[in-house]
Amino acid sequence: MKLVKYLEKEHRLCEELLDLLEGWLDSGREIAASRIGMVLEVLLQALVEHETIECTVFELNGNSRPSARALQKEHDDLSDLREIMEFLIENCCDGTLQELKPSLAQLANRFRRHFRKEEDELWPSLKARGEKAPPKGMERELEERERRLEFLVQEVR
């Protein structure tokens with residue numbers, strides 16, 4: 001399994017969840033707060049694990065290559081995105097979907113922008129230096145994570 005292919009697949013699965021949230025927003029109907037919370041929790045978990053894998057795979061911590069520094073900066077900039085998600089998870093039961101709409105729309109836009117930046121700008125330069133095989137034992141972990149994320153995406157639909 002090529003690591004970047006795995007990370008791209010993970011982006012697509014997260015985009016499915018974003019599509020679901022945006023569909024709910026566009027429909028104008030009320031959706032149970034628990035369903036919104038479930039989607040947000042899956043996204044948050046995927047984001048945290050995704051960052052951990054990228055740091056491991058691309059050896060971001062302490063890497064002085066410009067492409068690695070750019071990817072690390074992108075992840076540093078995501079800290080407020082995680083805070084937005086945590087706030088929405090904590091407060092999704094307190095408001096209606098329409099009240100949460102601006103924050104959910106901002107969240108979806110930020111995720112999509114992050115995915116594009118990684119895939120279009122950052123990963124190609126990292127891949128150019130030669131994509132490594134996953135560290136020993138990581139391939140099984142990645143396959144399990146992929147199956148778990150696919151299952152969670154199906155569950156919240």
# chains A, B, ... in the order shown; residues from 1 in each chain; ligands from 1

call {"tool": "residues_around", "arguments": {"residues": "stretch 9-17 of chain A", "least_positions_apart": "5", "cutoff": "7 Å", "atoms": "only C-alpha atoms", "output": "ChimeraX atom specification"}}
result
/A:39,43,115,150,153

call {"tool": "atom_distance", "arguments": {"atom1": "atom CA of A:Leu44", "atom2": "atom CA of A:Lys5"}}
result
20.5 Å
